[in-house]
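Contents: one structure, followed by commentary.
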Amino acid sequence: MKKNIGNAMALYPTPAVVVGVRVEGKATWTLVAHVGIVAHDRLLVSLHASHYINQGIKESGRLSVNIVTEEWLPKADYCGIVSGHKQDKSTLFESTAGEEGTPMVNESPLTMECRVEDVYACNGFENFICSIAHTYADESILDERGKLDYNRLKPVLFEFPTYQYLRTGSVIGQCTEAGKQYEKSQA
Ligand SMILES: Cc1cc2nc3c(=O)[nH]c(=O)nc-3n(C[C@H](O)[C@H](O)[C@H](O)COP(=O)(O)O)c2cc1C
């Protein structure tokens with residue numbers, strides 16, 4: 001029997017990302033782990049309305065989503081404890097401007113440049129629904145066919161209940177294979 005532990009948010013782990021925008025011409029970076037997929041071509045970035053970065057997102061209608069990997073986790077984590085309201089974070093990363101003009105973290109092997117399509121305000125959070133304008137991937141995380149390979153990328157994962165970062169695990173199977181095997185066994 002499962003124990004009812006209340007209405008705890010339990011949809012973890014999620015990937016940790018650093019969101020990048022410009023505010024008054026300067027890059028700023030914020031760590032976000034409440035992110036998600038909406039339909040097949042939209043993503044969600046959930047940011048508390050009090051954060052410094054939100055003004056830049058709303059003004060430009062653009063943001064970069066930089067997947068965090070272990071190599072640069074300390075700097076990504078720093079973006080999650082220091083606010084641009086108090087500290088200029090513009091020089092924290094070497095960055096490159098994408099075609100939409102957003103600053104992108106050079107250390108991140110995978111960056112999506114996004115356009116804000118909608119904002120869903122809820123309980124003090126601004127939830128940005130974004131389309132993906134461009135995806136920039138380092139060659140080292142692409143397979144022989146040029147597809148993203150998450151065995152090579154290894155995004156850092158986050159979970160809130162004990163406030164920890166996790167590694168991704170190993171491959172346990174090809175999607176739909178186990179279901180087909182099960183289907184056969186029931187026939
Ligand atoms: C692991 C981790 C995950 C975080 N995830 C989120 C998040 O999903 N949404 C959010 O609004 N803040 C999140 N934060 C908090 C912000 O990153 C933090 O308050 C940051 O300093 C805000 O920066 P800014 O004011 O410069 O935008 C997270 C912090 C950490 C350490």
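In the structure tokens, chains take letters A, B, ... by order of appearance, with residues numbered from 1 within each chain and ligands from 1 in the order shown.
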Inset, instruction - Using only C-alpha atoms and all ligand atoms, determine which residues fall within 7 Å of ligand 1, then list them as number ranges by chain. - result: A: 16, 28-35, 46-48, 50-54, 77, 79-85, 125, 158, 163
Legend entry - Nearest candidate to Tyr120 of chain A (options A:Ala27, A:Tyr12, A:Val45, A:Lys3; using only C-alpha atoms): A:Val45
Legend entry - DSSP strand (DSSP E or B) selection over chain A, as a ChimeraX atom specification: /A:14-15,17-23,26-32,35-38,42-48,62-67,95-97,103-105,110-122,125-137,142,148,157-159,164-166
Inset, instruction - Tell me which of A:Arg115, A:Lys89, A:Lys75, A:Arg145 sits closest to Ser131 of chain A, counting only C-alpha atoms. - result: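 Closest to Ser131 of chain A, using only C-alpha atoms: A:Arg115.
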